[in-house]
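coords-v8.txt (compact mmCIF, C-alpha atoms and all ligand atoms)
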```
# COMPACT_ATOMS: atom_id res chain seq x y z
CA MET K 1 -39.90 -78.02 27.49
CA SER K 2 -37.34 -77.76 24.72
CA THR K 3 -37.25 -75.83 21.49
CA ILE K 4 -35.55 -77.13 18.35
CA LYS K 5 -34.38 -74.83 15.54
CA VAL K 6 -33.04 -76.35 12.32
CA TYR K 7 -30.65 -74.54 9.96
CA PRO K 8 -29.73 -75.49 6.36
CA ASP K 9 -26.02 -75.98 7.06
CA ARG K 10 -23.23 -75.55 9.59
CA GLU K 11 -22.45 -72.01 8.46
CA ARG K 12 -25.97 -70.74 9.03
CA LEU K 13 -26.14 -72.71 12.28
CA ALA K 14 -22.97 -70.96 13.46
CA GLU K 15 -24.31 -67.54 12.47
CA ALA K 16 -27.60 -68.14 14.26
CA ALA K 17 -25.84 -69.45 17.35
CA ALA K 18 -23.53 -66.42 17.48
CA GLN K 19 -26.49 -64.04 17.13
CA HIS K 20 -28.31 -65.96 19.85
CA ILE K 21 -25.37 -65.67 22.24
CA VAL K 22 -25.06 -61.93 21.60
CA ALA K 23 -28.78 -61.44 22.20
CA GLN K 24 -28.59 -63.35 25.49
CA ALA K 25 -25.50 -61.39 26.54
CA ARG K 26 -27.02 -57.99 25.75
CA ALA K 27 -30.23 -58.84 27.61
CA ALA K 28 -28.40 -60.13 30.71
CA ILE K 29 -26.04 -57.14 30.77
CA ALA K 30 -28.91 -54.69 30.34
CA GLU K 31 -30.74 -56.33 33.24
CA ARG K 32 -27.94 -57.23 35.68
CA GLN K 33 -24.72 -55.73 34.26
CA ARG K 34 -23.39 -59.28 34.04
CA PHE K 35 -23.48 -62.22 31.59
CA THR K 36 -22.20 -65.63 32.66
CA ILE K 37 -21.62 -68.13 29.86
CA VAL K 38 -20.34 -71.71 29.94
CA LEU K 39 -18.50 -72.77 26.79
CA SER K 40 -18.63 -76.22 25.26
CA GLY K 41 -15.61 -77.89 23.74
CA GLY K 42 -15.42 -80.04 20.63
CA SER K 43 -15.44 -78.88 17.00
CA THR K 44 -19.03 -77.70 16.47
CA PRO K 45 -18.76 -74.48 18.50
CA GLN K 46 -15.46 -73.37 16.92
CA PRO K 47 -17.06 -71.42 14.01
CA VAL K 48 -19.55 -69.90 16.47
CA TYR K 49 -16.70 -68.59 18.62
CA ALA K 50 -14.88 -67.33 15.52
CA ARG K 51 -18.04 -65.44 14.46
CA LEU K 52 -18.25 -63.81 17.90
CA ALA K 53 -14.75 -62.40 17.40
CA GLN K 54 -15.76 -60.61 14.20
CA GLY K 55 -16.60 -56.93 13.85
CA GLY K 56 -20.28 -56.20 14.29
CA LEU K 57 -20.96 -58.83 16.95
CA ALA K 58 -17.77 -58.27 18.91
CA ASP K 59 -18.47 -54.51 19.08
CA SER K 60 -22.01 -55.01 20.37
CA ILE K 61 -21.11 -56.44 23.78
CA ASP K 62 -19.75 -54.74 26.90
CA TRP K 63 -17.00 -57.31 27.43
CA ALA K 64 -16.17 -56.10 30.95
CA CYS K 65 -19.52 -57.60 32.01
CA VAL K 66 -18.93 -61.01 30.41
CA HIS K 67 -17.72 -63.95 32.52
CA VAL K 68 -16.62 -67.12 30.73
CA PHE K 69 -16.48 -70.66 32.11
CA TRP K 70 -16.20 -74.15 30.60
CA SER K 71 -18.55 -77.15 30.67
CA ASP K 72 -15.64 -79.54 30.58
CA GLU K 73 -11.97 -79.85 29.78
CA ARG K 74 -9.52 -82.43 28.67
CA CYS K 75 -6.76 -83.10 31.22
CA VAL K 76 -4.06 -81.45 29.12
CA PRO K 77 -2.16 -78.13 29.42
CA PRO K 78 -3.90 -74.96 28.19
CA ASP K 79 -1.67 -74.75 25.10
CA HIS K 80 -2.33 -78.37 24.07
CA PRO K 81 -4.14 -78.90 20.71
CA ASP K 82 -6.88 -80.84 22.55
CA SER K 83 -7.56 -78.09 25.10
CA ASN K 84 -11.10 -76.70 25.00
CA TYR K 85 -9.75 -73.51 26.58
CA ARG K 86 -7.16 -73.15 23.81
CA MET K 87 -9.79 -73.67 21.08
CA ALA K 88 -12.08 -70.94 22.47
CA SER K 89 -9.17 -68.61 23.19
CA GLU K 90 -7.67 -68.93 19.70
CA ALA K 91 -11.03 -68.62 17.93
CA TRP K 92 -12.59 -65.88 20.06
CA LEU K 93 -11.40 -64.78 23.48
CA LYS K 94 -7.97 -63.44 22.58
CA HIS K 95 -9.59 -61.31 19.86
CA VAL K 96 -12.01 -59.39 22.14
CA PRO K 97 -11.33 -57.01 25.08
CA ILE K 98 -12.64 -59.32 27.80
CA PRO K 99 -10.75 -58.81 31.08
CA PRO K 100 -8.44 -61.82 31.62
CA ASP K 101 -9.82 -62.29 35.16
CA ASN K 102 -13.27 -62.85 33.62
CA ILE K 103 -12.01 -65.98 31.85
CA ARG K 104 -12.11 -68.89 34.26
CA ARG K 105 -10.68 -72.05 32.72
CA MET K 106 -10.56 -75.54 34.16
CA LYS K 107 -6.89 -76.30 34.82
CA GLY K 108 -6.31 -79.39 32.70
CA GLU K 109 -2.62 -79.33 33.59
CA MET K 110 -3.36 -80.08 37.25
CA ALA K 111 -4.02 -83.49 38.77
CA PRO K 112 -7.65 -84.16 37.70
CA ALA K 113 -9.23 -84.47 41.15
CA ALA K 114 -7.42 -81.33 42.36
CA ALA K 115 -8.46 -79.44 39.22
CA ALA K 116 -12.10 -80.43 39.76
CA ALA K 117 -11.99 -79.38 43.43
CA GLU K 118 -10.33 -76.10 42.55
CA TYR K 119 -12.94 -75.33 39.88
CA GLU K 120 -15.77 -76.19 42.22
CA GLY K 121 -14.31 -73.81 44.81
CA LEU K 122 -14.04 -71.11 42.18
CA LEU K 123 -17.69 -71.58 41.14
CA ARG K 124 -18.96 -71.59 44.71
CA ALA K 125 -17.05 -68.39 45.49
CA PHE K 126 -18.23 -66.73 42.27
CA PHE K 127 -21.92 -67.44 42.91
CA ALA K 128 -21.70 -66.83 46.66
CA ALA K 129 -20.50 -63.29 45.97
CA SER K 130 -23.81 -62.50 44.25
CA ALA K 131 -26.11 -64.81 46.23
CA LYS K 132 -29.24 -63.20 47.64
CA GLU K 133 -29.56 -63.14 51.45
CA GLY K 134 -31.25 -66.31 52.72
CA LYS K 135 -31.36 -67.89 49.24
CA PRO K 136 -29.64 -71.26 48.72
CA LEU K 137 -26.35 -71.08 46.80
CA ALA K 138 -27.11 -72.00 43.16
CA PRO K 139 -24.78 -71.91 40.14
CA ARG K 140 -27.34 -70.20 37.91
CA PHE K 141 -25.43 -69.49 34.72
CA ASP K 142 -27.15 -67.23 32.20
CA LEU K 143 -26.24 -69.52 29.31
CA VAL K 144 -24.66 -72.97 29.06
CA LEU K 145 -23.51 -74.09 25.61
CA LEU K 146 -23.30 -77.84 25.05
CA GLY K 147 -22.50 -80.22 22.23
CA MET K 148 -23.56 -83.82 21.83
CA GLY K 149 -21.33 -86.72 20.85
CA GLU K 150 -22.37 -89.57 18.54
CA ASP K 151 -22.81 -91.70 21.66
CA GLY K 152 -25.17 -89.16 23.21
CA HIS K 153 -22.64 -87.75 25.69
CA THR K 154 -22.58 -84.06 26.54
CA ALA K 155 -19.91 -82.00 28.27
CA SER K 156 -17.75 -84.86 29.55
CA LEU K 157 -20.74 -86.80 30.85
CA PHE K 158 -20.26 -90.07 29.01
CA PRO K 159 -22.57 -93.12 29.06
CA GLY K 160 -22.44 -94.92 32.41
CA ALA K 161 -20.32 -92.21 34.08
CA GLU K 162 -20.65 -91.95 37.85
CA ALA K 163 -20.79 -88.17 37.40
CA LEU K 164 -24.27 -88.65 35.93
CA ARG K 165 -25.48 -89.60 39.42
CA GLU K 166 -23.53 -86.90 41.28
CA THR K 167 -25.90 -84.59 43.14
CA ARG K 168 -23.57 -82.94 45.68
CA HIS K 169 -20.47 -81.91 43.75
CA TRP K 170 -20.60 -79.31 40.99
CA VAL K 171 -17.46 -80.53 39.20
CA ALA K 172 -16.15 -84.07 38.69
CA ALA K 173 -12.99 -85.61 37.21
CA TYR K 174 -12.68 -89.18 35.98
CA LYS K 175 -10.99 -91.39 33.42
CA VAL K 176 -13.34 -91.94 30.47
CA PRO K 177 -13.02 -95.65 29.55
CA ALA K 178 -14.11 -95.09 25.94
CA LEU K 179 -11.34 -92.52 25.48
CA ASP K 180 -8.79 -93.94 27.91
CA ALA K 181 -8.35 -90.30 28.93
CA TRP K 182 -9.11 -88.14 31.97
CA ARG K 183 -11.72 -85.41 31.79
CA ILE K 184 -13.02 -82.66 34.09
CA THR K 185 -16.73 -81.87 33.78
CA LEU K 186 -19.56 -79.88 35.26
CA THR K 187 -22.11 -82.24 36.79
CA PRO K 188 -25.79 -82.31 35.78
CA VAL K 189 -26.86 -80.46 38.93
CA VAL K 190 -24.89 -77.40 37.80
CA ILE K 191 -25.91 -77.48 34.16
CA ASN K 192 -29.58 -77.96 35.08
CA ALA K 193 -29.49 -74.92 37.39
CA ALA K 194 -28.89 -72.67 34.37
CA SER K 195 -31.26 -70.05 33.13
CA GLN K 196 -30.75 -71.33 29.62
CA VAL K 197 -29.01 -74.33 28.03
CA THR K 198 -28.35 -74.36 24.30
CA PHE K 199 -27.15 -77.47 22.47
CA LEU K 200 -25.27 -77.05 19.20
CA VAL K 201 -25.47 -80.23 17.07
CA ALA K 202 -24.41 -80.66 13.45
CA GLY K 203 -23.66 -83.49 11.06
CA ALA K 204 -25.45 -86.53 9.65
CA GLU K 205 -23.47 -88.78 11.97
CA LYS K 206 -25.43 -87.32 14.90
CA ALA K 207 -28.93 -87.71 13.38
CA ARG K 208 -29.91 -91.11 14.72
CA ARG K 209 -28.64 -90.42 18.23
CA LEU K 210 -30.23 -86.96 18.27
CA GLN K 211 -33.59 -88.48 17.41
CA GLU K 212 -33.16 -91.01 20.25
CA VAL K 213 -32.19 -88.28 22.72
CA LEU K 214 -35.09 -86.03 21.78
CA TYR K 215 -37.86 -88.56 21.16
CA GLY K 216 -36.70 -91.90 22.55
CA PRO K 217 -37.27 -93.37 26.02
CA TYR K 218 -35.61 -91.49 28.89
CA HIS K 219 -32.38 -93.40 29.56
CA PRO K 220 -29.71 -90.90 30.65
CA GLU K 221 -27.23 -93.59 31.69
CA ARG K 222 -27.09 -94.61 28.04
CA LEU K 223 -27.89 -91.15 26.58
CA PRO K 224 -26.39 -88.55 28.94
CA ALA K 225 -27.65 -85.58 26.91
CA GLN K 226 -31.14 -86.54 28.11
CA ILE K 227 -30.24 -85.68 31.69
CA ILE K 228 -30.03 -82.02 30.72
CA ARG K 229 -33.49 -80.69 31.58
CA PRO K 230 -33.19 -77.37 33.42
CA PRO K 231 -36.33 -77.21 35.63
CA ARG K 232 -36.20 -73.41 35.82
CA GLY K 233 -34.54 -72.71 32.53
CA ARG K 234 -34.97 -72.77 28.77
CA LEU K 235 -33.61 -75.70 26.74
CA LEU K 236 -32.83 -74.88 23.13
CA TRP K 237 -31.42 -77.15 20.43
CA LEU K 238 -29.75 -75.43 17.45
CA VAL K 239 -29.09 -78.09 14.83
CA ASP K 240 -28.31 -78.33 11.13
CA GLU K 241 -30.48 -80.21 8.63
CA ALA K 242 -27.98 -83.04 8.40
CA ALA K 243 -28.35 -83.77 12.12
CA ALA K 244 -32.13 -83.40 11.92
CA ARG K 245 -32.39 -85.71 8.93
CA TRP K 246 -35.29 -87.65 10.44
CA GLN K 247 -37.58 -84.59 10.34
C1 LIG K 301 -15.62 -81.98 24.43
C2 LIG K 301 -17.05 -81.50 24.46
C3 LIG K 301 -17.96 -82.61 24.05
C4 LIG K 301 -18.44 -82.23 22.66
C5 LIG K 301 -19.07 -83.40 21.95
C6 LIG K 301 -19.41 -83.02 20.51
O1 LIG K 301 -14.85 -81.61 25.31
O2 LIG K 301 -15.31 -82.65 23.44
O3 LIG K 301 -17.44 -80.84 25.53
O4 LIG K 301 -19.06 -82.84 24.87
O5 LIG K 301 -19.38 -81.16 22.78
O6 LIG K 301 -18.15 -84.46 21.96
O7 LIG K 301 -18.19 -82.73 19.87
P1 LIG K 301 -18.17 -82.18 18.35
O8 LIG K 301 -18.75 -80.81 18.39
O9 LIG K 301 -16.70 -82.17 17.98
O10 LIG K 301 -18.99 -83.14 17.52
```
Produce structure tokens that represent the structure in this file.
Ligand code: 6PG
Amino acid sequence: MSTIKVYPDRERLAEAAAQHIVAQARAAIAERQRFTIVLSGGSTPQPVYARLAQGGLADSIDWACVHVFWSDERCVPPDHPDSNYRMASEAWLKHVPIPPDNIRRMKGEMAPAAAAAEYEGLLRAFFAASAKEGKPLAPRFDLVLLGMGEDGHTASLFPGAEALRETRHWVAAYKVPALDAWRITLTPVVINAASQVTFLVAGAEKARRLQEVLYGPYHPERLPAQIIRPPRGRLLWLVDEAAARWQ
């Protein structure tokens, strides 16, 4: 079951997304004194992160309770212009009083396979610490933010990627043929364990693919965004009118 909300333009999409994230954070913190959020990379979330660093919203969250992770990362150093960590840090994280230890980045500067293994270990330790006695270990993030590429990829789950079929590991690293570049990514089993997944999609160039992903035949090998269907979580699409042109 997914919900789609359409906004007139990118600016109002960003505002709505920021408000949505704050609402989720405040509810999670009120209930469990903790909010775990997975950040997407790419360009669409950048204004959302910048909005979260501004006055009213930034002051409305108990940052000591917020724990930040990433859905994927480019295999570059953290200060590289392509780094998803750098983008979120510059736009948002370095402007709010979140404890540095609460920011858990994927180490793009490491050898990819080692970085993926390290991140998986970090996730397993993080969720084991709060696992309920006798309950299976599950990476149940409160909120996972995702984007969608023009080819229907999400996180760094690209069409045909082996990681799409990974059911044991929580993090994978591989060379993306279409980019001729290495990526680290959460696998579908982790993303689908979330309490809530929110896609942020904007731009006319995404419209046709978005329509295919939402209403076309289920073909996740070709349209990886379709594999994101959290069985025990909410799936929300926040899109602008340009990306929802078909409606
Ligand atoms: C990345 C992202 C990727 C992104 C889409 C959409 O590392 O690039 O995780 O999945 O969300 O490619 O990117 P835009 O928001 O720039 O269109």
Mind running segment 87-183 of chain K against segment 13-19 of chain K at 12 Å and telling me each contacting residue's nearest atom pair with the distance in Å (one decimal), counting only C-alpha atoms, chain and number ascending, as a Markdown table?
```
| residue | atom | partner | partner_atom | distance |
| --- | --- | --- | --- | --- |
| K:Trp92 | CA | K:Ala18 | CA | 11.3 |
| K:Leu143 | CA | K:Ala17 | CA | 12.0 |
| K:Leu145 | CA | K:Ala17 | CA | 9.8 |
| K:Leu146 | CA | K:Ala17 | CA | 11.7 |
```
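Checking K:Ala58, K:Val96, K:Val68, K:Ile228 one by one against Thr36 of chain K, counting all atoms listed in the file, you find the shortest gap at K:Val68.
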>> Residues near segment 155-171 of chain K, anyone? I mean within 10 Å using all atoms listed in the file, not counting same-chain ones fewer than 2 positions away, as a VMD selection string.
In response: chain K and resid 39 to 42 70 to 74 106 113 115 to 121 123 to 124 139 145 to 149 151 to 153 173 to 179 182 to 191 219 to 225 227
Written file, previous selection with C-alpha atoms, as an mmCIF file, keeping the file's coordinate frame:
```cif
data_model
loop_
_atom_site.group_PDB
_atom_site.id
_atom_site.type_symbol
_atom_site.label_atom_id
_atom_site.label_comp_id
_atom_site.auth_asym_id
_atom_site.auth_seq_id
_atom_site.Cartn_x
_atom_site.Cartn_y
_atom_site.Cartn_z
ATOM 1 C CA LEU K 39 -18.500 -72.770 26.790
ATOM 2 C CA SER K 40 -18.630 -76.220 25.260
ATOM 3 C CA GLY K 41 -15.610 -77.890 23.740
ATOM 4 C CA GLY K 42 -15.420 -80.040 20.630
ATOM 5 C CA TRP K 70 -16.200 -74.150 30.600
ATOM 6 C CA SER K 71 -18.550 -77.150 30.670
ATOM 7 C CA ASP K 72 -15.640 -79.540 30.580
ATOM 8 C CA GLU K 73 -11.970 -79.850 29.780
ATOM 9 C CA ARG K 74 -9.520 -82.430 28.670
ATOM 10 C CA MET K 106 -10.560 -75.540 34.160
ATOM 11 C CA ALA K 113 -9.230 -84.470 41.150
ATOM 12 C CA ALA K 115 -8.460 -79.440 39.220
ATOM 13 C CA ALA K 116 -12.100 -80.430 39.760
ATOM 14 C CA ALA K 117 -11.990 -79.380 43.430
ATOM 15 C CA GLU K 118 -10.330 -76.100 42.550
ATOM 16 C CA TYR K 119 -12.940 -75.330 39.880
ATOM 17 C CA GLU K 120 -15.770 -76.190 42.220
ATOM 18 C CA GLY K 121 -14.310 -73.810 44.810
ATOM 19 C CA LEU K 123 -17.690 -71.580 41.140
ATOM 20 C CA ARG K 124 -18.960 -71.590 44.710
ATOM 21 C CA PRO K 139 -24.780 -71.910 40.140
ATOM 22 C CA LEU K 145 -23.510 -74.090 25.610
ATOM 23 C CA LEU K 146 -23.300 -77.840 25.050
ATOM 24 C CA GLY K 147 -22.500 -80.220 22.230
ATOM 25 C CA MET K 148 -23.560 -83.820 21.830
ATOM 26 C CA GLY K 149 -21.330 -86.720 20.850
ATOM 27 C CA ASP K 151 -22.810 -91.700 21.660
ATOM 28 C CA GLY K 152 -25.170 -89.160 23.210
ATOM 29 C CA HIS K 153 -22.640 -87.750 25.690
ATOM 30 C CA ALA K 173 -12.990 -85.610 37.210
ATOM 31 C CA TYR K 174 -12.680 -89.180 35.980
ATOM 32 C CA LYS K 175 -10.990 -91.390 33.420
ATOM 33 C CA VAL K 176 -13.340 -91.940 30.470
ATOM 34 C CA PRO K 177 -13.020 -95.650 29.550
ATOM 35 C CA ALA K 178 -14.110 -95.090 25.940
ATOM 36 C CA LEU K 179 -11.340 -92.520 25.480
ATOM 37 C CA TRP K 182 -9.110 -88.140 31.970
ATOM 38 C CA ARG K 183 -11.720 -85.410 31.790
ATOM 39 C CA ILE K 184 -13.020 -82.660 34.090
ATOM 40 C CA THR K 185 -16.730 -81.870 33.780
ATOM 41 C CA LEU K 186 -19.560 -79.880 35.260
ATOM 42 C CA THR K 187 -22.110 -82.240 36.790
ATOM 43 C CA PRO K 188 -25.790 -82.310 35.780
ATOM 44 C CA VAL K 189 -26.860 -80.460 38.930
ATOM 45 C CA VAL K 190 -24.890 -77.400 37.800
ATOM 46 C CA ILE K 191 -25.910 -77.480 34.160
ATOM 47 C CA HIS K 219 -32.380 -93.400 29.560
ATOM 48 C CA PRO K 220 -29.710 -90.900 30.650
ATOM 49 C CA GLU K 221 -27.230 -93.590 31.690
ATOM 50 C CA ARG K 222 -27.090 -94.610 28.040
ATOM 51 C CA LEU K 223 -27.890 -91.150 26.580
ATOM 52 C CA PRO K 224 -26.390 -88.550 28.940
ATOM 53 C CA ALA K 225 -27.650 -85.580 26.910
ATOM 54 C CA ILE K 227 -30.240 -85.680 31.690
#
```
>> Just checking: using only C-alpha atoms and all ligand atoms, which residue out of K:Asp180, K:Asp142, K:Asp240, K:Asp82 ends up closest to ligand LIG 301 (chain K)?
In response: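 Closest candidate: K:Asp82.
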> Of the candidates K:Pro97, K:Gly55, K:Gly134, K:Gly203, which one gets nearest to ligand LIG 301 (chain K) if we count only C-alpha atoms and all ligand atoms?
Replying inline: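 Among the listed residues, K:Gly203 lies closest to ligand LIG 301 (chain K).
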> Which of these residues is nearest to Arg51 of chain K, using only C-alpha atoms: K:Ile103, K:Gln196, K:Val22, K:Pro78?
Replying inline: K:Val22
> Separation of atom C4 of ligand LIG 301 (chain K) and atom CA of Leu57 of chain K, in Å?
Replying inline: 24.2 Å
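Here atom CA of Arg104 of chain K is placed at a distance of 12.2 Å from atom CA of Asn84 of chain K.
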>> Between K:Val48, K:Ala193, K:Leu122, K:Ala129, which residue has the minimum interatomic distance to ligand LIG 301 (chain K), considering only C-alpha atoms and all ligand atoms?
In response: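 Closest to ligand LIG 301 (chain K), using only C-alpha atoms and all ligand atoms: K:Val48.
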>> So that I can see what lies close to Leu137 of chain K, please list as an MDAnalysis selection string the residues with an atom at most 8 Å from it, counting only C-alpha atoms and leaving out residues fewer than 3 positions away in the same chain.
In response: chainID K and resid 124 127:128 131
Please save C-alpha atoms of the selected residues as a PDB file, in the coordinates of the input.
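Now in out24.pdb:
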```pdb
ATOM      1  CA  ARG K 124     -18.960 -71.590  44.710  1.00  0.00           C
ATOM      2  CA  PHE K 127     -21.920 -67.440  42.910  1.00  0.00           C
ATOM      3  CA  ALA K 128     -21.700 -66.830  46.660  1.00  0.00           C
ATOM      4  CA  ALA K 131     -26.110 -64.810  46.230  1.00  0.00           C
TER       5      ALA K 131
END
```
